[in-house]
Structure formats: C-alpha cells, structure tokens
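Just below is one structure, and these are the notes that go with it.
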Amino acid sequence: MPHIPLQEHLPGITGLLEYRQDTAEPIRELTQVLLKGPSTLTEGERELIATIVCYGNECNFCNAAHTAAADILLGEHETSAKMKQDIETTPVSEKMKALLTIAAQVRESGKSVTTASVERAKAAGATDIEIHDTVLIAALFCLYNRYVDGLATVVPADQGFYMSLAEKIRDQGYVRTPGWYDKLKK
C-alpha cells in the first residue's frame with residue numbers, strides 16, 4: 001500500500017507523476033530527451049541501460065516496465081534476460097557491454113565508475129556523449145527507482161500492464177499524453 005494517497009488505477013511511477021504534475025513535467029522531459037531523443041544509441045540500447053539499473057536496484061515496477069520496453073524495441077526477449085545474468089555474455093556490441101558496465105557502476109555509486117571502464121568504452125568506440133548519456137540515464141533511473149519504492153507504489157502482477165506501458169513508451173515516449181491514464185482505469 002502506498003505511503004501517500006495515490007490514484008489506485010495508476011501504479012508505479014504513473015501515479016507519482018500524476019500526483020505532482022509540476023515536478024513530473026521536467027522529469028518527463030529529461031527522460032524523453034535521453035531515451036527517445038536523437039542519439040547514436042538506439043532506443044532499445046538506451047532502454048537496456050535503464051533496465052540494468054532498475055534490475056540491479058531491485059525495483060520491480062521499473063524493472064518490469066523497462067524490460068518490456070527494451071524487449072519491444074529490440075524485437076526479442078533474449079538480450080535483456082541475458083544482460084541481467086551477465087553483461088559480458090549479452091548479445092550486444094563490445095561498446096554496449098562497456099556502457100552497460102558503466103551504468104551498473106553508476107547504480108552502485110557515481111564514484112564506482114572507474115577510469116578503466118571509461119577507457120574500455122572509448123576503446124570500443126563509445127563517444128564522450130554516449131558515455132555522458134549512459135551515466136545520466138543510469139542516475140535518472142536510480143532516482144526513479146528510489147521514488148517508486150520509497151513511496152511504496154503499487155506493482156501490478158499482470159504482465160499485460162507492462163506490455164501496454166511498453167507499447168506506449170515505444171509509440172508516444174515519456175511525455176504525458178491526454179487521456180492515456182484514463183485507459184488504465186479499465
């Protein structure tokens with residue numbers, strides 16, 4: 001049960017963003033830029049970065065939501081599942097393995113990111129902006145994970161909810177779209 005009154009039909013982050021729309025707007029905009037905006041990393045790769053952080057933080061809502069989003073964007077389920085077991089055996093490029101490692105280090109602590117891991121990413125072809133955005137995405141999702149779990153939001157058991165949310169992310173992004181929350185009442 002949430003620690004504060006939230007709309008029952010809006011689980012996880014959705015209820016929190018609706019609760020404080022004034023604070024939600026800049027968070028949504030930043031998320032939209034980082035995960036859906038122009039980038040040399042695909043949207044699926046950026047969702048993998050979010051997923052590895054949510055998984056490591058054991059945030060059930062965010063892990064389920066971003067795993068579903070990554071899977072939809074990648075068109076398969078294998079990559080996110082393997083990544084959660086071992087980044088080094090994930091079927092992605094060496095650059096992505098290095099960036100996922102940096103994201104996992106950020107999840108632990110910003111100070112956990114090592115010069116060696118940054119050098120590895122650069123040697124694998126990562127640009128400075130890709131490294132920057134990886135760190136920022138990881139930090140942002142640490143915020144989301146603590147926000148969702150810190151207020152004990154509802155975590156749906158129905159995987160269909162996460163697939164619907166992932167489709168919304170794929171099709172509309174992270175901005176608030178009129179009427180979408182009303183669909184969750186059904």
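Identifiers in this document derive from the order of the structure tokens: chains are assigned A, B, ..., residues are numbered from 1 separately in each chain, and ligands are numbered from 1 in order of occurrence.
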Hey, what's within 12 Å of Leu16 (chain A) if we count only C-alpha atoms and toss same-chain stuff fewer than 4 positions away? As a ChimeraX atom specification, please?
/A:2-12,20-25,27-28,144-154
Would you give me, as a Markdown table, each residue of region 95-118 of chain A having an atom within 12 Å of an atom of region 30-43 of chain A, along with its shortest atom pair and that distance in Å to one decimal, using only C-alpha atoms and sorting by chain and residue number?
```
| residue | atom | partner | partner_atom | distance |
| --- | --- | --- | --- | --- |
| A:Lys95 | CA | A:Leu41 | CA | 10.2 |
| A:Met96 | CA | A:Leu41 | CA | 8.9 |
| A:Leu99 | CA | A:Leu41 | CA | 10.5 |
```
Write a file of the selected residues as a PDB file, in the first residue's frame, keeping C-alpha atoms.
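Writing done, so here's selection_38.pdb:
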```
ATOM      1  CA  LYS A  95      30.689  -0.813 -26.864  1.00  0.00           C
ATOM      2  CA  MET A  96      27.289  -1.624 -25.349  1.00  0.00           C
ATOM      3  CA  LEU A  99      28.343   1.184 -21.459  1.00  0.00           C
TER       4      LEU A  99
END
```
Residues of region 78-178 of chain A within 12 Å of region 58-71 of chain A: nearest atom pair and distance (Å, one decimal) for each, counting only C-alpha atoms, sorted by chain and number, as JSON lines?
```
{"residue": "A:Glu78", "atom": "CA", "partner": "A:Asp71", "partner_atom": "CA", "distance": 8.1}
{"residue": "A:Thr79", "atom": "CA", "partner": "A:Asp71", "partner_atom": "CA", "distance": 7.8}
{"residue": "A:Ser80", "atom": "CA", "partner": "A:Thr67", "partner_atom": "CA", "distance": 6.5}
{"residue": "A:Ala81", "atom": "CA", "partner": "A:Thr67", "partner_atom": "CA", "distance": 8.4}
{"residue": "A:Lys82", "atom": "CA", "partner": "A:Thr67", "partner_atom": "CA", "distance": 11.5}
{"residue": "A:Met83", "atom": "CA", "partner": "A:Thr67", "partner_atom": "CA", "distance": 10.5}
{"residue": "A:Lys84", "atom": "CA", "partner": "A:Thr67", "partner_atom": "CA", "distance": 10.0}
{"residue": "A:Arg107", "atom": "CA", "partner": "A:Glu58", "partner_atom": "CA", "distance": 11.0}
{"residue": "A:Leu140", "atom": "CA", "partner": "A:Cys62", "partner_atom": "CA", "distance": 11.9}
{"residue": "A:Phe141", "atom": "CA", "partner": "A:Cys62", "partner_atom": "CA", "distance": 8.5}
{"residue": "A:Cys142", "atom": "CA", "partner": "A:Cys59", "partner_atom": "CA", "distance": 9.4}
{"residue": "A:Leu143", "atom": "CA", "partner": "A:Cys59", "partner_atom": "CA", "distance": 11.0}
{"residue": "A:Tyr144", "atom": "CA", "partner": "A:Cys62", "partner_atom": "CA", "distance": 7.8}
{"residue": "A:Asn145", "atom": "CA", "partner": "A:Cys59", "partner_atom": "CA", "distance": 5.6}
{"residue": "A:Arg146", "atom": "CA", "partner": "A:Cys59", "partner_atom": "CA", "distance": 8.0}
{"residue": "A:Tyr147", "atom": "CA", "partner": "A:Cys59", "partner_atom": "CA", "distance": 9.9}
{"residue": "A:Val148", "atom": "CA", "partner": "A:Cys59", "partner_atom": "CA", "distance": 7.7}
{"residue": "A:Asp149", "atom": "CA", "partner": "A:Cys59", "partner_atom": "CA", "distance": 6.7}
{"residue": "A:Gly150", "atom": "CA", "partner": "A:Cys59", "partner_atom": "CA", "distance": 10.1}
{"residue": "A:Leu151", "atom": "CA", "partner": "A:Cys59", "partner_atom": "CA", "distance": 11.9}
{"residue": "A:Ala152", "atom": "CA", "partner": "A:Phe61", "partner_atom": "CA", "distance": 10.4}
{"residue": "A:Thr153", "atom": "CA", "partner": "A:Phe61", "partner_atom": "CA", "distance": 8.6}
{"residue": "A:Val154", "atom": "CA", "partner": "A:Phe61", "partner_atom": "CA", "distance": 8.1}
{"residue": "A:Val155", "atom": "CA", "partner": "A:Phe61", "partner_atom": "CA", "distance": 5.4}
{"residue": "A:Pro156", "atom": "CA", "partner": "A:Phe61", "partner_atom": "CA", "distance": 7.5}
{"residue": "A:Ala157", "atom": "CA", "partner": "A:Phe61", "partner_atom": "CA", "distance": 9.3}
{"residue": "A:Asp158", "atom": "CA", "partner": "A:Ala64", "partner_atom": "CA", "distance": 10.3}
{"residue": "A:Gln159", "atom": "CA", "partner": "A:Ala64", "partner_atom": "CA", "distance": 8.0}
{"residue": "A:Gly160", "atom": "CA", "partner": "A:Ala68", "partner_atom": "CA", "distance": 9.8}
{"residue": "A:Phe161", "atom": "CA", "partner": "A:Ala65", "partner_atom": "CA", "distance": 8.6}
{"residue": "A:Tyr162", "atom": "CA", "partner": "A:Ala65", "partner_atom": "CA", "distance": 5.1}
{"residue": "A:Met163", "atom": "CA", "partner": "A:Ala68", "partner_atom": "CA", "distance": 5.9}
{"residue": "A:Ser164", "atom": "CA", "partner": "A:Ala68", "partner_atom": "CA", "distance": 9.0}
{"residue": "A:Leu165", "atom": "CA", "partner": "A:Ala65", "partner_atom": "CA", "distance": 6.8}
{"residue": "A:Ala166", "atom": "CA", "partner": "A:Ala69", "partner_atom": "CA", "distance": 4.3}
{"residue": "A:Glu167", "atom": "CA", "partner": "A:Ala69", "partner_atom": "CA", "distance": 7.1}
{"residue": "A:Lys168", "atom": "CA", "partner": "A:Ala69", "partner_atom": "CA", "distance": 8.9}
{"residue": "A:Ile169", "atom": "CA", "partner": "A:Ala69", "partner_atom": "CA", "distance": 6.8}
{"residue": "A:Arg170", "atom": "CA", "partner": "A:Ala69", "partner_atom": "CA", "distance": 6.9}
{"residue": "A:Asp171", "atom": "CA", "partner": "A:Ala69", "partner_atom": "CA", "distance": 10.5}
{"residue": "A:Gln172", "atom": "CA", "partner": "A:Ala69", "partner_atom": "CA", "distance": 12.0}
{"residue": "A:Gly173", "atom": "CA", "partner": "A:Ala69", "partner_atom": "CA", "distance": 10.4}
{"residue": "A:Tyr174", "atom": "CA", "partner": "A:Ala69", "partner_atom": "CA", "distance": 11.5}
```
If I take CA of Glu29 (chain A) and CA of Ser112 (chain A), how far is one from the other in Å, to one decimal?
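Taking CA of Glu29 (chain A) and CA of Ser112 (chain A), their separation equals 27.3 Å.
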Please indicate the distance in Å from CA of Glu130 (chain A) to CA of Cys54 (chain A), rounded to one decimal place.
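Taking CA of Glu130 (chain A) and CA of Cys54 (chain A), their separation equals 19.3 Å.
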Could you state the separation of CA of Thr51 (chain A) and CA of Ala104 (chain A) in Å, given to one decimal place?
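Result for CA of Thr51 (chain A) versus CA of Ala104 (chain A): 9.9 Å, one decimal.
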Could you write out, as a compact mmCIF listing (two decimals) with C-alpha atoms, in the first residue's frame, all the residues of chain A that DSSP marks as alpha helix (DSSP H)?
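File written: states_26.txt
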```
# COMPACT_ATOMS: atom_id res chain seq x y z
CA GLY A 12 4.23 2.66 -10.01
CA ILE A 13 5.69 5.84 -11.43
CA THR A 14 2.46 6.71 -13.26
CA GLY A 15 0.65 7.51 -10.02
CA LEU A 16 3.55 9.55 -8.69
CA LEU A 17 3.88 11.60 -11.86
CA GLU A 18 0.17 12.32 -11.83
CA TYR A 19 0.30 13.21 -8.12
CA GLN A 21 2.41 17.13 -12.29
CA ASP A 22 4.55 20.22 -11.73
CA THR A 23 7.57 18.12 -10.74
CA ALA A 24 6.67 15.39 -13.22
CA GLU A 25 6.92 17.66 -16.25
CA PRO A 26 10.69 18.33 -16.12
CA ILE A 27 11.40 14.69 -15.20
CA ARG A 28 9.34 13.50 -18.17
CA GLU A 29 11.05 15.96 -20.50
CA LEU A 30 14.53 14.84 -19.40
CA THR A 31 13.55 11.19 -19.82
CA GLN A 32 12.11 11.92 -23.27
CA VAL A 33 15.33 13.61 -24.39
CA LEU A 34 17.59 10.88 -23.03
CA LEU A 35 15.63 7.80 -24.10
CA LYS A 36 13.73 8.96 -27.17
CA GLU A 43 16.14 3.48 -28.25
CA GLY A 44 16.46 -0.22 -27.43
CA GLU A 45 20.06 0.22 -26.26
CA ARG A 46 19.03 3.14 -24.06
CA GLU A 47 16.21 1.05 -22.57
CA LEU A 48 18.77 -1.66 -21.80
CA ILE A 49 20.75 0.92 -19.83
CA ALA A 50 17.62 1.82 -17.86
CA THR A 51 16.81 -1.87 -17.37
CA ILE A 52 20.20 -2.87 -15.98
CA VAL A 53 19.88 -0.11 -13.37
CA CYS A 54 16.28 -0.99 -12.42
CA TYR A 55 17.15 -4.68 -12.20
CA GLY A 56 20.20 -4.01 -10.01
CA ASN A 60 10.12 -4.45 -9.50
CA PHE A 61 7.86 -1.92 -11.23
CA CYS A 62 10.63 -0.15 -13.16
CA ASN A 63 12.43 -3.40 -13.97
CA ALA A 64 9.27 -4.95 -15.46
CA ALA A 65 8.35 -1.77 -17.36
CA HIS A 66 11.77 -1.13 -18.89
CA THR A 67 12.47 -4.78 -19.62
CA ALA A 68 9.21 -4.84 -21.59
CA ALA A 69 10.15 -1.60 -23.36
CA ALA A 70 13.62 -2.91 -24.25
CA ASP A 71 12.16 -6.18 -25.48
CA ILE A 72 9.60 -4.44 -27.69
CA LEU A 73 12.18 -2.05 -29.11
CA LEU A 74 14.70 -4.84 -29.74
CA GLU A 78 16.79 -12.81 -25.08
CA THR A 79 19.05 -9.76 -24.79
CA SER A 80 17.52 -8.26 -21.67
CA ALA A 81 17.34 -11.66 -19.97
CA LYS A 82 20.99 -12.48 -20.69
CA MET A 83 22.11 -8.98 -19.67
CA LYS A 84 20.60 -9.47 -16.22
CA GLN A 85 22.60 -12.66 -15.78
CA GLU A 94 31.54 -4.52 -27.10
CA LYS A 95 30.69 -0.81 -26.86
CA MET A 96 27.29 -1.62 -25.35
CA LYS A 97 28.82 -4.11 -22.91
CA ALA A 98 31.17 -1.35 -21.75
CA LEU A 99 28.34 1.18 -21.46
CA LEU A 100 26.15 -1.29 -19.56
CA THR A 101 29.06 -1.88 -17.18
CA ILE A 102 29.33 1.87 -16.59
CA ALA A 103 25.58 2.03 -15.95
CA ALA A 104 25.85 -0.79 -13.41
CA GLN A 105 28.70 1.05 -11.70
CA VAL A 106 26.66 4.27 -11.53
CA ARG A 107 23.86 2.28 -9.92
CA GLU A 108 26.24 1.31 -7.12
CA THR A 115 38.83 5.25 -15.43
CA ALA A 116 39.39 1.74 -16.77
CA SER A 117 35.68 1.26 -17.56
CA VAL A 118 35.53 4.62 -19.35
CA GLU A 119 38.72 3.80 -21.28
CA ARG A 120 37.23 0.42 -22.21
CA ALA A 121 34.10 2.13 -23.57
CA LYS A 122 36.16 4.61 -25.58
CA ALA A 123 38.37 1.83 -26.96
CA ASP A 128 32.01 11.16 -24.94
CA ILE A 129 28.31 12.00 -25.35
CA GLU A 130 27.38 8.28 -25.24
CA ILE A 131 29.33 7.92 -22.01
CA HIS A 132 27.75 11.10 -20.64
CA ASP A 133 24.24 9.96 -21.55
CA THR A 134 24.81 6.49 -20.11
CA VAL A 135 25.79 7.99 -16.76
CA LEU A 136 22.85 10.40 -16.84
CA ILE A 137 20.33 7.69 -17.80
CA ALA A 138 21.66 5.46 -15.01
CA ALA A 139 21.48 8.30 -12.47
CA LEU A 140 17.96 9.24 -13.60
CA PHE A 141 16.74 5.69 -13.20
CA CYS A 142 18.26 5.48 -9.73
CA LEU A 143 16.07 8.49 -8.93
CA TYR A 144 13.02 6.78 -10.43
CA ASN A 145 13.69 3.54 -8.56
CA ARG A 146 14.01 5.27 -5.22
CA TYR A 147 10.94 7.43 -5.95
CA VAL A 148 8.78 4.40 -6.83
CA ASP A 149 9.98 2.17 -3.99
CA GLY A 150 10.40 4.97 -1.43
CA GLN A 159 2.47 -8.67 -17.26
CA GLY A 160 -0.10 -7.31 -19.71
CA PHE A 161 0.09 -3.97 -17.91
CA TYR A 162 3.81 -3.69 -18.62
CA MET A 163 3.37 -4.67 -22.26
CA SER A 164 0.76 -1.93 -22.65
CA LEU A 165 3.07 0.56 -20.95
CA ALA A 166 5.97 -0.54 -23.17
CA GLU A 167 3.86 -0.02 -26.28
CA LYS A 168 3.02 3.49 -25.06
CA ILE A 169 6.72 4.19 -24.50
CA ARG A 170 7.55 2.88 -27.97
CA ASP A 171 4.77 4.80 -29.70
CA GLN A 172 4.46 8.01 -27.67
CA TRP A 180 -3.77 7.77 -21.61
CA TYR A 181 -4.13 7.45 -17.84
CA ASP A 182 -7.88 7.10 -18.23
CA LYS A 183 -7.21 3.93 -20.25
```
